[in-house]
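Colleague: Provided below: protein-v4.txt, containing compact mmCIF, C-alpha atoms and all ligand atoms.
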# COMPACT_ATOMS: atom_id res chain seq x y z
CA MET Y 885 8.96 -28.92 -1.64
CA LYS Y 886 6.47 -27.29 -4.01
CA VAL Y 887 5.84 -23.58 -4.52
CA LEU Y 888 2.21 -22.59 -5.09
CA LYS Y 889 1.26 -19.11 -6.21
CA PHE Y 890 -2.28 -17.79 -5.92
CA GLY Y 891 -3.37 -14.72 -7.87
CA GLY Y 892 -5.59 -11.83 -6.87
CA THR Y 893 -8.93 -13.46 -7.63
CA SER Y 894 -7.88 -16.63 -5.78
CA VAL Y 895 -7.64 -14.57 -2.59
CA GLY Y 896 -10.22 -12.00 -3.68
CA THR Y 897 -13.32 -13.34 -1.95
CA ILE Y 898 -14.07 -15.24 1.24
CA GLN Y 899 -15.23 -18.24 -0.79
CA ASN Y 900 -12.03 -18.29 -2.84
CA ILE Y 901 -9.87 -17.94 0.27
CA LYS Y 902 -11.62 -21.04 1.59
CA SER Y 903 -11.03 -22.90 -1.68
CA VAL Y 904 -7.34 -22.00 -1.56
CA THR Y 905 -7.16 -23.26 2.03
CA LYS Y 906 -8.57 -26.59 0.89
CA ILE Y 907 -6.13 -26.84 -2.01
CA ILE Y 908 -3.07 -26.23 0.14
CA SER Y 909 -4.14 -28.44 3.07
CA ASP Y 910 -2.96 -31.73 1.58
CA GLY Y 911 -0.44 -32.36 4.34
CA GLU Y 912 2.55 -31.57 2.14
CA LYS Y 913 5.06 -28.92 3.17
CA LYS Y 914 5.02 -26.01 0.75
CA ILE Y 915 5.71 -22.35 0.10
CA VAL Y 916 2.65 -20.32 -0.86
CA VAL Y 917 3.16 -17.05 -2.72
CA LEU Y 918 0.23 -14.64 -2.69
CA SER Y 919 -0.72 -11.64 -4.79
CA ALA Y 920 -2.76 -8.79 -3.39
CA MET Y 921 -6.52 -9.36 -3.25
CA SER Y 922 -8.05 -8.52 -6.63
CA GLY Y 923 -8.56 -4.81 -7.17
CA THR Y 924 -6.20 -3.79 -4.38
CA THR Y 925 -3.06 -3.08 -6.40
CA ASN Y 926 -5.11 -1.10 -8.93
CA ALA Y 927 -6.57 0.94 -6.06
CA LEU Y 928 -3.07 1.51 -4.65
CA VAL Y 929 -1.82 2.63 -8.06
CA GLU Y 930 -4.75 5.06 -8.16
CA ILE Y 931 -3.82 6.35 -4.71
CA ALA Y 932 -0.23 6.82 -5.85
CA SER Y 933 -1.30 8.81 -8.90
CA CYS Y 934 -3.53 11.00 -6.71
CA VAL Y 935 -0.50 11.67 -4.52
CA GLU Y 936 1.50 12.54 -7.64
CA ASN Y 937 -1.23 14.96 -8.75
CA LYS Y 938 -1.53 16.37 -5.23
CA GLU Y 939 -5.16 15.20 -4.96
CA VAL Y 940 -4.82 14.22 -1.32
CA GLU Y 941 -8.57 14.25 -0.68
CA ILE Y 942 -9.33 11.77 -3.48
CA ALA Y 943 -6.43 9.62 -2.30
CA ASN Y 944 -7.86 9.55 1.22
CA LYS Y 945 -11.29 8.64 -0.07
CA THR Y 946 -9.86 5.67 -1.96
CA ILE Y 947 -7.91 4.66 1.15
CA THR Y 948 -11.08 4.82 3.27
CA ASN Y 949 -13.04 2.70 0.78
CA LEU Y 950 -10.31 0.10 0.63
CA PHE Y 951 -10.05 0.04 4.42
CA LYS Y 952 -13.78 -0.61 4.63
CA LYS Y 953 -13.47 -3.54 2.25
CA TYR Y 954 -10.70 -5.08 4.35
CA ARG Y 955 -12.62 -4.63 7.59
CA GLU Y 956 -15.49 -6.57 6.05
CA VAL Y 957 -13.17 -9.36 4.90
CA VAL Y 958 -11.59 -9.66 8.35
CA ASN Y 959 -14.99 -9.60 10.00
CA GLU Y 960 -16.24 -12.44 7.88
CA LEU Y 961 -13.10 -14.59 7.97
CA PHE Y 962 -12.35 -14.59 11.67
CA GLU Y 963 -14.35 -16.17 14.46
CA ASN Y 964 -11.42 -16.40 16.84
CA ILE Y 965 -11.60 -13.15 18.83
CA ASN Y 966 -7.88 -12.88 19.54
CA LEU Y 967 -6.85 -13.47 15.94
CA LYS Y 968 -9.56 -11.13 14.71
CA GLN Y 969 -8.27 -8.41 16.99
CA GLU Y 970 -4.67 -9.01 15.95
CA VAL Y 971 -5.55 -8.80 12.26
CA ASN Y 972 -7.70 -5.71 12.76
CA ILE Y 973 -4.83 -3.95 14.52
CA TYR Y 974 -2.49 -4.84 11.65
CA VAL Y 975 -4.93 -3.74 8.95
CA GLU Y 976 -5.66 -0.49 10.74
CA ALA Y 977 -1.95 0.25 11.09
CA ILE Y 978 -1.41 -0.33 7.36
CA PHE Y 979 -4.19 2.07 6.41
CA LYS Y 980 -2.98 4.69 8.89
CA LYS Y 981 0.43 4.45 7.28
CA LEU Y 982 -1.09 4.81 3.80
CA THR Y 983 -2.96 7.93 4.91
CA LYS Y 984 0.27 9.38 6.26
CA ILE Y 985 2.18 8.57 3.09
CA SER Y 986 -0.49 10.14 0.89
CA SER Y 987 0.39 13.61 2.18
CA GLN Y 988 4.09 13.20 1.34
CA THR Y 989 5.93 14.37 -1.75
CA TYR Y 990 5.65 11.94 -4.64
CA ASN Y 991 8.59 10.09 -6.08
CA GLU Y 992 9.22 6.58 -7.41
CA LEU Y 993 10.16 5.32 -3.99
CA LEU Y 994 6.85 6.49 -2.60
CA TYR Y 995 5.02 4.79 -5.46
CA ASN Y 996 6.82 1.51 -4.73
CA THR Y 997 6.02 1.79 -1.03
CA ILE Y 998 2.32 2.45 -1.67
CA VAL Y 999 1.80 -0.43 -4.13
CA ALA Y 1000 3.59 -2.92 -1.83
CA HIS Y 1001 0.79 -2.83 0.73
CA GLY Y 1002 -1.59 -5.13 -1.12
CA GLU Y 1003 0.65 -8.16 -0.73
CA LEU Y 1004 1.50 -7.23 2.86
CA LEU Y 1005 -2.21 -7.23 3.69
CA SER Y 1006 -3.20 -10.42 1.85
CA THR Y 1007 -0.36 -12.51 3.30
CA PHE Y 1008 -0.88 -11.35 6.89
CA ILE Y 1009 -4.63 -11.98 6.76
CA PHE Y 1010 -4.24 -15.35 5.06
CA THR Y 1011 -1.54 -16.61 7.45
CA LYS Y 1012 -3.69 -15.75 10.46
CA TYR Y 1013 -6.70 -17.37 8.80
CA LEU Y 1014 -4.75 -20.60 8.29
CA ILE Y 1015 -3.67 -20.52 11.94
CA GLN Y 1016 -7.33 -20.10 12.93
CA GLN Y 1017 -8.12 -23.20 10.86
CA GLY Y 1018 -5.54 -25.17 12.83
CA ILE Y 1019 -2.90 -25.21 10.09
CA LYS Y 1020 0.78 -24.77 11.00
CA ALA Y 1021 1.42 -21.68 8.88
CA GLN Y 1022 4.31 -19.27 9.05
CA LEU Y 1023 4.75 -15.92 7.31
CA LEU Y 1024 8.12 -15.42 5.61
CA PRO Y 1025 8.40 -11.70 4.77
CA ALA Y 1026 9.58 -11.41 1.16
CA LEU Y 1027 11.55 -8.29 2.02
CA ASP Y 1028 13.88 -10.47 4.12
CA PHE Y 1029 15.13 -12.37 1.08
CA MET Y 1030 13.80 -11.03 -2.26
CA ARG Y 1031 16.17 -8.54 -3.80
CA ILE Y 1032 16.85 -7.15 -7.26
CA ASP Y 1033 20.22 -5.95 -8.52
CA ARG Y 1034 21.18 -2.69 -10.23
CA LEU Y 1035 19.78 -3.96 -13.53
CA ASN Y 1036 16.45 -4.77 -11.82
CA GLU Y 1037 17.11 -8.47 -12.26
CA PRO Y 1038 16.57 -10.85 -9.34
CA ASP Y 1039 19.73 -11.26 -7.28
CA ASN Y 1040 19.50 -15.04 -7.38
CA PHE Y 1041 22.52 -15.79 -5.21
CA TYR Y 1042 21.34 -13.45 -2.44
CA ILE Y 1043 17.81 -14.85 -2.64
CA GLN Y 1044 18.98 -18.45 -2.51
CA GLN Y 1045 21.32 -17.89 0.43
CA ASN Y 1046 18.83 -15.90 2.48
CA LEU Y 1047 15.66 -17.85 1.78
CA ASN Y 1048 17.26 -21.21 2.57
CA ARG Y 1049 18.83 -19.82 5.75
CA ILE Y 1050 15.48 -18.34 6.83
CA ILE Y 1051 13.67 -21.63 6.23
CA ARG Y 1052 16.39 -23.56 8.12
CA ASN Y 1053 16.25 -21.21 11.09
CA ASN Y 1054 12.50 -20.73 11.20
CA ILE Y 1055 10.05 -22.49 13.43
CA PRO Y 1056 9.08 -25.57 11.40
CA ALA Y 1057 5.78 -25.05 9.63
CA ASP Y 1058 3.69 -26.97 7.13
CA ILE Y 1059 2.91 -23.94 5.04
CA TYR Y 1060 5.16 -20.96 4.54
CA ILE Y 1061 3.39 -17.91 3.18
CA THR Y 1062 5.17 -15.10 1.41
CA GLN Y 1063 4.41 -12.03 -0.68
CA GLY Y 1064 4.67 -12.09 -4.44
CA PHE Y 1065 5.64 -8.99 -6.43
CA ILE Y 1066 7.54 -7.07 -3.73
CA CYS Y 1067 11.27 -7.01 -3.10
CA LEU Y 1068 14.09 -4.71 -2.06
CA ASP Y 1069 16.47 -2.90 -4.38
CA THR Y 1070 20.24 -2.75 -3.84
CA ASP Y 1071 19.87 0.32 -1.61
CA GLY Y 1072 17.42 -1.52 0.62
CA ASN Y 1073 14.37 0.40 -0.58
CA ILE Y 1074 11.06 -1.30 -1.34
CA ALA Y 1075 10.80 -2.19 -5.02
CA ASN Y 1076 8.80 -4.66 -7.09
CA LEU Y 1077 8.96 -7.06 -10.02
CA GLN Y 1078 6.50 -5.01 -12.10
CA ARG Y 1079 2.74 -5.46 -12.38
CA GLY Y 1080 1.75 -9.10 -12.38
CA GLY Y 1081 5.14 -9.97 -10.87
CA SER Y 1082 3.91 -12.50 -8.29
CA ASP Y 1083 4.20 -15.26 -10.89
CA TYR Y 1084 7.83 -14.30 -11.32
CA THR Y 1085 8.34 -14.37 -7.53
CA ALA Y 1086 7.06 -17.95 -7.51
CA THR Y 1087 9.55 -19.27 -10.06
CA ILE Y 1088 12.43 -17.26 -8.56
CA ILE Y 1089 11.64 -18.91 -5.21
CA GLY Y 1090 11.17 -22.27 -6.94
CA ALA Y 1091 14.68 -22.01 -8.40
CA ALA Y 1092 16.14 -20.80 -5.08
CA ILE Y 1093 14.88 -23.81 -3.13
CA ASN Y 1094 15.17 -26.24 -6.05
CA ALA Y 1095 11.45 -26.92 -5.82
CA GLU Y 1096 9.95 -30.09 -7.17
CA GLU Y 1097 7.30 -28.02 -9.00
CA VAL Y 1098 5.92 -24.49 -9.19
CA GLU Y 1099 2.15 -24.20 -9.46
CA ILE Y 1100 0.54 -20.98 -10.60
CA TRP Y 1101 -3.11 -21.01 -9.48
CA THR Y 1102 -5.35 -18.57 -11.25
CA ASP Y 1103 -8.83 -17.88 -12.59
CA ILE Y 1104 -8.58 -19.87 -15.82
CA ASP Y 1105 -7.96 -23.55 -16.49
CA GLY Y 1106 -4.55 -23.08 -18.10
CA MET Y 1107 -2.90 -21.37 -21.03
CA HIS Y 1108 -5.40 -21.34 -23.90
CA ASN Y 1109 -4.75 -21.95 -27.57
CA ASN Y 1110 -6.21 -18.56 -28.46
CA ASP Y 1111 -7.44 -15.45 -26.67
CA PRO Y 1112 -10.75 -16.42 -24.96
CA ARG Y 1113 -11.79 -12.75 -24.86
CA PHE Y 1114 -12.07 -12.65 -28.65
CA VAL Y 1115 -12.37 -16.21 -29.87
CA GLU Y 1116 -15.01 -18.81 -28.97
CA ASN Y 1117 -14.26 -22.40 -27.99
CA THR Y 1118 -10.64 -21.93 -27.09
CA GLN Y 1119 -9.03 -24.87 -25.30
CA ALA Y 1120 -6.53 -25.17 -22.49
CA ILE Y 1121 -3.20 -26.50 -23.75
CA SER Y 1122 -2.07 -29.55 -21.79
CA ASN Y 1123 1.68 -29.28 -22.32
CA LEU Y 1124 4.05 -26.54 -23.41
CA SER Y 1125 7.82 -26.37 -23.52
CA TYR Y 1126 9.56 -23.56 -21.63
CA GLU Y 1127 10.29 -21.85 -24.95
CA GLU Y 1128 6.68 -22.01 -26.14
CA ALA Y 1129 5.37 -20.77 -22.81
CA ALA Y 1130 7.87 -17.91 -22.76
CA GLU Y 1131 6.86 -16.81 -26.27
CA LEU Y 1132 3.17 -16.94 -25.36
CA ALA Y 1133 3.63 -15.11 -22.07
CA TYR Y 1134 5.53 -12.39 -23.81
CA PHE Y 1135 3.24 -12.11 -26.83
CA GLY Y 1136 -0.02 -11.52 -25.12
CA ALA Y 1137 -1.24 -14.59 -23.25
CA ARG Y 1138 -1.92 -12.53 -20.15
CA ILE Y 1139 -2.09 -15.48 -17.80
CA LEU Y 1140 1.63 -15.35 -17.02
CA HIS Y 1141 4.03 -12.52 -16.25
CA PRO Y 1142 6.44 -12.65 -19.24
CA GLN Y 1143 9.60 -13.38 -17.27
CA THR Y 1144 8.09 -16.16 -15.17
CA VAL Y 1145 9.34 -19.06 -17.24
CA MET Y 1146 13.04 -18.09 -17.19
CA PRO Y 1147 14.03 -19.12 -13.64
CA ALA Y 1148 12.11 -22.39 -13.97
CA ARG Y 1149 13.73 -23.17 -17.28
CA THR Y 1150 17.22 -22.49 -15.98
CA ALA Y 1151 16.66 -24.74 -12.98
CA ASN Y 1152 14.58 -27.25 -14.98
CA ILE Y 1153 11.60 -27.04 -12.64
CA PRO Y 1154 8.16 -27.89 -14.06
CA VAL Y 1155 5.56 -25.12 -13.91
CA ARG Y 1156 1.90 -26.06 -13.75
CA LEU Y 1157 -0.91 -23.60 -14.39
CA LYS Y 1158 -4.02 -24.51 -12.41
CA TYR Y 1159 -7.58 -23.26 -11.99
CA THR Y 1160 -8.40 -22.40 -8.36
CA MET Y 1161 -12.15 -22.93 -8.76
CA CYS Y 1162 -11.72 -26.35 -10.45
CA PRO Y 1163 -8.60 -27.92 -8.94
CA GLU Y 1164 -9.41 -31.30 -10.51
CA LEU Y 1165 -8.74 -29.98 -14.03
CA PRO Y 1166 -5.25 -30.82 -15.29
CA GLY Y 1167 -4.31 -27.26 -16.33
CA THR Y 1168 -1.19 -26.61 -18.39
CA LEU Y 1169 2.14 -28.22 -17.66
CA ILE Y 1170 5.25 -26.34 -18.76
CA ASN Y 1171 8.44 -28.39 -18.83
CA ASN Y 1172 11.23 -29.69 -21.02
CA ASN Y 1173 9.18 -32.28 -22.86
CA VAL Y 1174 9.08 -31.82 -26.58
CA THR Y 1175 5.58 -32.70 -27.65
CA ASP Y 1176 3.74 -32.82 -30.96
CA LYS Y 1177 4.87 -30.69 -33.84
CA GLY Y 1178 2.65 -27.94 -35.18
CA ILE Y 1179 0.92 -24.80 -34.05
CA LYS Y 1180 -0.27 -25.02 -30.47
CA ALA Y 1181 -1.42 -21.51 -29.70
CA ILE Y 1182 -2.14 -18.08 -31.05
CA ALA Y 1183 -1.82 -14.90 -29.04
CA ALA Y 1184 -1.88 -11.18 -29.74
CA LYS Y 1185 -0.10 -8.27 -28.20
CA ASP Y 1186 -1.47 -4.75 -28.67
CA GLY Y 1187 0.17 -1.36 -28.28
CA ILE Y 1188 2.85 -2.05 -30.83
CA THR Y 1189 4.54 0.69 -32.85
CA ALA Y 1190 6.19 -0.16 -36.17
CA ILE Y 1191 9.12 1.89 -37.40
CA LYS Y 1192 10.35 1.73 -40.99
CA ILE Y 1193 13.88 2.99 -41.50
CA LYS Y 1194 14.91 3.56 -45.08
CA SER Y 1195 18.22 4.60 -46.42
CA ALA Y 1196 19.59 4.76 -49.96
CA ARG Y 1197 22.99 4.22 -48.42
CA MET Y 1198 21.90 0.90 -46.98
CA LEU Y 1199 22.23 -0.63 -50.43
CA LEU Y 1200 25.24 -2.92 -50.35
CA ALA Y 1201 26.41 -1.17 -47.21
CA TYR Y 1202 27.50 -2.86 -44.03
CA GLY Y 1203 27.17 -1.42 -40.58
CA PHE Y 1204 23.71 0.07 -41.20
CA LEU Y 1205 21.87 -2.27 -38.85
CA LYS Y 1206 24.54 -1.77 -36.21
CA LYS Y 1207 23.96 1.96 -36.31
CA VAL Y 1208 20.20 1.43 -36.01
CA PHE Y 1209 20.48 -1.01 -33.12
CA GLU Y 1210 22.90 1.20 -31.24
CA ILE Y 1211 20.27 3.93 -31.10
CA PHE Y 1212 17.69 1.56 -29.60
CA GLU Y 1213 20.29 0.29 -27.17
CA LYS Y 1214 21.19 3.83 -26.12
CA TYR Y 1215 17.54 4.47 -25.23
CA GLU Y 1216 17.13 1.04 -23.59
CA THR Y 1217 14.22 0.28 -25.90
CA PRO Y 1218 13.80 -3.41 -26.75
CA ILE Y 1219 12.92 -4.40 -30.30
CA ASP Y 1220 10.32 -7.18 -30.69
CA MET Y 1221 10.04 -7.95 -34.40
CA ILE Y 1222 12.34 -7.11 -37.25
CA THR Y 1223 12.27 -7.57 -41.02
CA THR Y 1224 14.71 -6.24 -43.54
CA SER Y 1225 14.97 -5.59 -47.26
CA GLU Y 1226 17.98 -4.32 -49.14
CA ILE Y 1227 17.19 -0.66 -48.57
CA ALA Y 1228 14.95 -0.62 -45.53
CA VAL Y 1229 14.42 -2.23 -42.17
CA SER Y 1230 11.14 -2.41 -40.27
CA LEU Y 1231 11.03 -3.10 -36.59
CA THR Y 1232 8.57 -2.91 -33.74
CA ILE Y 1233 8.70 -1.63 -30.20
CA ASP Y 1234 6.14 -1.52 -27.41
CA ASN Y 1235 7.83 1.02 -25.20
CA THR Y 1236 7.53 4.42 -26.88
CA THR Y 1237 8.93 6.51 -24.00
CA PHE Y 1238 11.94 7.60 -26.08
CA LEU Y 1239 10.37 7.35 -29.53
CA ASP Y 1240 10.86 11.03 -30.42
CA ALA Y 1241 14.53 10.98 -29.47
CA ILE Y 1242 15.04 7.71 -31.35
CA ILE Y 1243 13.41 9.11 -34.49
CA GLU Y 1244 15.52 12.26 -34.30
CA GLU Y 1245 18.72 10.21 -34.23
CA LEU Y 1246 17.56 7.82 -36.98
CA GLU Y 1247 16.65 10.74 -39.24
CA LYS Y 1248 20.27 11.83 -39.30
CA PHE Y 1249 20.97 9.02 -41.76
CA SER Y 1250 17.59 7.70 -42.96
CA THR Y 1251 13.94 8.38 -43.63
CA VAL Y 1252 11.66 7.17 -40.89
CA GLU Y 1253 7.99 6.18 -41.02
CA VAL Y 1254 6.05 5.34 -37.88
CA ASP Y 1255 2.82 3.29 -37.66
CA GLU Y 1256 1.06 3.22 -34.33
CA ASN Y 1257 -1.80 1.01 -33.11
CA GLN Y 1258 -0.35 -2.22 -34.41
CA SER Y 1259 -0.74 -5.70 -32.93
CA ILE Y 1260 1.62 -8.63 -33.07
CA ILE Y 1261 -0.14 -11.91 -33.71
CA CYS Y 1262 2.06 -14.69 -32.60
CA LEU Y 1263 1.73 -18.36 -33.56
CA VAL Y 1264 3.55 -20.65 -31.20
CA GLY Y 1265 4.34 -24.34 -31.30
CA HIS Y 1266 7.06 -26.86 -31.81
CA SER Y 1267 8.85 -26.97 -35.16
CA ILE Y 1268 6.13 -24.91 -36.76
CA VAL Y 1269 8.30 -23.33 -39.38
CA ASN Y 1270 8.56 -26.58 -41.34
CA HIS Y 1271 5.20 -27.99 -40.44
CA ASN Y 1272 2.98 -29.06 -43.35
CA LYS Y 1273 0.06 -26.85 -42.28
CA THR Y 1274 2.12 -23.73 -41.95
CA HIS Y 1275 2.65 -22.76 -45.57
CA LYS Y 1276 -1.10 -22.55 -46.17
CA LEU Y 1277 -1.47 -20.18 -43.29
CA PHE Y 1278 -1.41 -17.05 -45.35
CA ASN Y 1279 -4.49 -18.14 -47.33
CA VAL Y 1280 -6.65 -17.12 -44.42
CA LEU Y 1281 -5.16 -13.70 -44.08
CA HIS Y 1282 -6.12 -12.20 -47.43
CA ASP Y 1283 -8.93 -10.17 -45.88
CA PHE Y 1284 -6.62 -7.65 -44.32
CA SER Y 1285 -3.12 -6.40 -44.78
CA ILE Y 1286 -0.13 -7.72 -42.92
CA ARG Y 1287 2.41 -5.04 -42.16
CA MET Y 1288 5.27 -7.40 -41.24
CA ILE Y 1289 5.98 -11.13 -41.05
CA SER Y 1290 8.65 -12.76 -38.98
CA TYR Y 1291 9.20 -16.34 -40.07
CA GLY Y 1292 12.12 -18.54 -39.21
CA GLY Y 1293 13.56 -16.47 -36.37
CA SER Y 1294 12.91 -19.48 -34.20
CA GLU Y 1295 11.41 -22.91 -34.77
CA ASN Y 1296 8.71 -22.08 -32.26
CA ASN Y 1297 7.31 -18.81 -33.48
CA ILE Y 1298 5.80 -17.07 -36.47
CA SER Y 1299 4.79 -13.47 -35.85
CA LEU Y 1300 2.56 -11.26 -37.95
CA LEU Y 1301 2.07 -7.55 -37.50
CA VAL Y 1302 -1.43 -6.28 -38.29
CA ASN Y 1303 -3.33 -3.11 -37.61
CA THR Y 1304 -5.02 -3.46 -34.22
CA LYS Y 1305 -8.44 -2.94 -35.81
CA ASP Y 1306 -7.91 -6.19 -37.74
CA LYS Y 1307 -6.69 -8.16 -34.74
CA VAL Y 1308 -9.89 -9.92 -33.68
CA LYS Y 1309 -10.65 -10.99 -37.23
CA ALA Y 1310 -7.13 -12.27 -37.66
CA LEU Y 1311 -7.33 -14.25 -34.41
CA ARG Y 1312 -10.66 -15.79 -35.45
CA ASN Y 1313 -9.61 -16.62 -39.00
CA LEU Y 1314 -6.41 -18.18 -37.80
CA ASN Y 1315 -8.28 -20.10 -35.14
CA ASP Y 1316 -10.64 -21.65 -37.69
CA TYR Y 1317 -7.74 -22.57 -39.85
CA VAL Y 1318 -5.40 -23.93 -37.25
CA PHE Y 1319 -7.70 -25.54 -34.69
CA GLU Y 1320 -11.03 -26.18 -36.35
CA SER Y 1321 -9.24 -27.55 -39.42
CA SER Y 1322 -12.20 -26.91 -41.70
CA LEU Y 1323 -10.10 -24.84 -44.07
CA ILE Y 1324 -7.10 -27.07 -44.44
CA ALA Y 1325 -7.76 -29.87 -46.94
N1 LIG A 1 -0.50 -7.41 -7.07
C1 LIG A 1 0.41 -7.16 -8.17
C2 LIG A 1 -0.36 -6.67 -9.38
O1 LIG A 1 -1.57 -6.58 -9.32
C3 LIG A 1 1.23 -8.35 -8.50
C4 LIG A 1 0.49 -9.56 -9.00
O2 LIG A 1 -0.73 -9.63 -8.85
O3 LIG A 1 1.11 -10.45 -9.55
O4 LIG A 1 0.24 -6.35 -10.35
MG MG A 2 -1.24 -12.31 -12.68
Would you mind writing the file's structure down as structure tokens?
Modeller:
Amino acid sequence: MKVLKFGGTSVGTIQNIKSVTKIISDGEKKIVVLSAMSGTTNALVEIASCVENKEVEIANKTITNLFKKYREVVNELFENINLKQEVNIYVEAIFKKLTKISSQTYNELLYNTIVAHGELLSTFIFTKYLIQQGIKAQLLPALDFMRIDRLNEPDNFYIQQNLNRIIRNNIPADIYITQGFICLDTDGNIANLQRGGSDYTATIIGAAINAEEVEIWTDIDGMHNNDPRFVENTQAISNLSYEEAAELAYFGARILHPQTVMPARTANIPVRLKYTMCPELPGTLINNNVTDKGIKAIAAKDGITAIKIKSARMLLAYGFLKKVFEIFEKYETPIDMITTSEIAVSLTIDNTTFLDAIIEELEKFSTVEVDENQSIICLVGHSIVNHNKTHKLFNVLHDFSIRMISYGGSENNISLLVNTKDKVKALRNLNDYVFESSLIA
């Protein structure tokens, strides 16, 4: 069985909902994972922050506007009077509940409950729409089988046991629909897999049912070889290894939630990225195949903070890095890039929640310099460290300064840290060099 995930824009308009219906009606049994309709989760996050700021009136206004939008969608999608009525009752109940919640006291649990409603709405509406179209569809509530553990990692054993049991015991259907993003925590409260987490849901489910393939359907024709927002003529990449895709997803290629590749890689399930509006395009296939050597893609991640930690005592000393790392571990702050010299170490983080506390502890044994507004530019490919093009790479970067370089950490990645104001230029220069080839010779 395949798992197909459709993102917010794929279920964001009536026309797209119809396109999705066509794509999934090929007679094959499948599980379909849906995000919330585009704009909904953002609106729910807005509602949650109004609740936090005790702006109940603004929250209610946003709820009313969203409700209106859903009424219109239901009106347009349903001709069958009974189904239309059933869906309207459901939608109304959801918005009544949201209004009730918005007058309660804010906490994280309330936030999680509010933002879960987008996926609940999209999956209910879509399942009933499929039934109207004569398709044997069945809703499998994600909260019956998706669970995270105390470390916020998917509880794979629980998910596998429960999902397979539910499918076995359910009324046979051609298409099972479920919610992306949402899950329960160990205490049975509503939680989620973080923003954009529906992709992750799809591969977690794929691994749980040992799917033949996971398809992520979205609003672009695959993973591109550079950021199409800043660089012209970028191309979809036809094949990536799990490692390459994971690096790209993490370092800025926003098409995939960063953790998505992991479950598929562990279970060796191919992941295909597809374009909902042009299903005939091949998209990007992510699997175990090792393809051509060389740089395949460039991506950039903003919001990076660089920290330089300098200590005279580092000279010929051991244990210095351990001390540094222990501080980051204590504050559960992941380090992305790292470079060292004999007396200093530079590293980058993107989560600055505990930056002040981290600096305070580092300053007990070193001098600390912090640079904000940095971007990591990441070059990804197979065996790129030894590739014959790679050593000339730095020729194209003389127009701006590079704060850090990470080369050789893995065969698949070279990362550069630049000031964010230089990012677009760096992406374009690198693109000319790597993909247009005019500068190589
Ligand atoms: N609806 C959620 C979000 O907007 C999850 C997802 O779309 O993947 O973040
Ligand atoms: Mg997404």
Colleague: Could you check which of Y:Gly1080, Y:Pro1218, Y:Pro1154, Y:Gly1106 is closest to ligand MG 2 (chain A), using all atoms listed in the file?
Modeller: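 Using all atoms listed in the file, the shortest distance to ligand MG 2 (chain A) belongs to Y:Gly1080.
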Colleague: Tell me, as a PyMOL selection string, which residues lie within 12 Å of Asn1123 in chain Y, counting all atoms listed in the file; anything in the same chain fewer than 5 positions away does not count.
Modeller: chain Y and resi 1106-1109+1128-1129+1154-1157+1166-1176+1180-1181+1265-1266
Colleague: So which residues are near ligand LIG 1 (chain A), meaning at most 7 Å away with only C-alpha atoms and all ligand atoms counted, given back as JSON, numbers by chain?
Modeller: {"Y": [891, 892, 919, 920, 925, 926, 1002, 1003, 1064, 1065, 1078, 1079, 1080, 1081, 1082, 1083]}
Colleague: Hey, what's within 7 Å of Ser1267 in chain Y if we count only C-alpha atoms and toss same-chain stuff fewer than 2 positions away? As a ChimeraX atom specification, please?
Modeller: /Y:1177-1178,1265,1269-1271,1295-1296
Colleague: With only C-alpha atoms counted, which protein, DNA or RNA residues have an atom no more than 12 Å from (-11.2, -3.1, -0.2) in the file frame? Please answer as an NGL selection string.
Modeller: :Y and (896-897 or 920-928 or 945-958 or 975 or 979 or 1002 or 1005-1006)
Colleague: Could you check how far CA of Arg1197 in chain Y sits from CA of Glu1213 in chain Y, in Å to one decimal?
Modeller: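 So the answer is 21.8 Å.
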Colleague: Separation of CA of Gly1203 in chain Y and CA of Ser1230 in chain Y, in Å?
Modeller: 16.1 Å
Colleague: Using CA of Tyr1291 in chain Y and CA of Ser1259 in chain Y as the two end points, give the distance in Å to one decimal.
Modeller: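 Separating CA of Tyr1291 in chain Y from CA of Ser1259 in chain Y is a distance of 16.2 Å.
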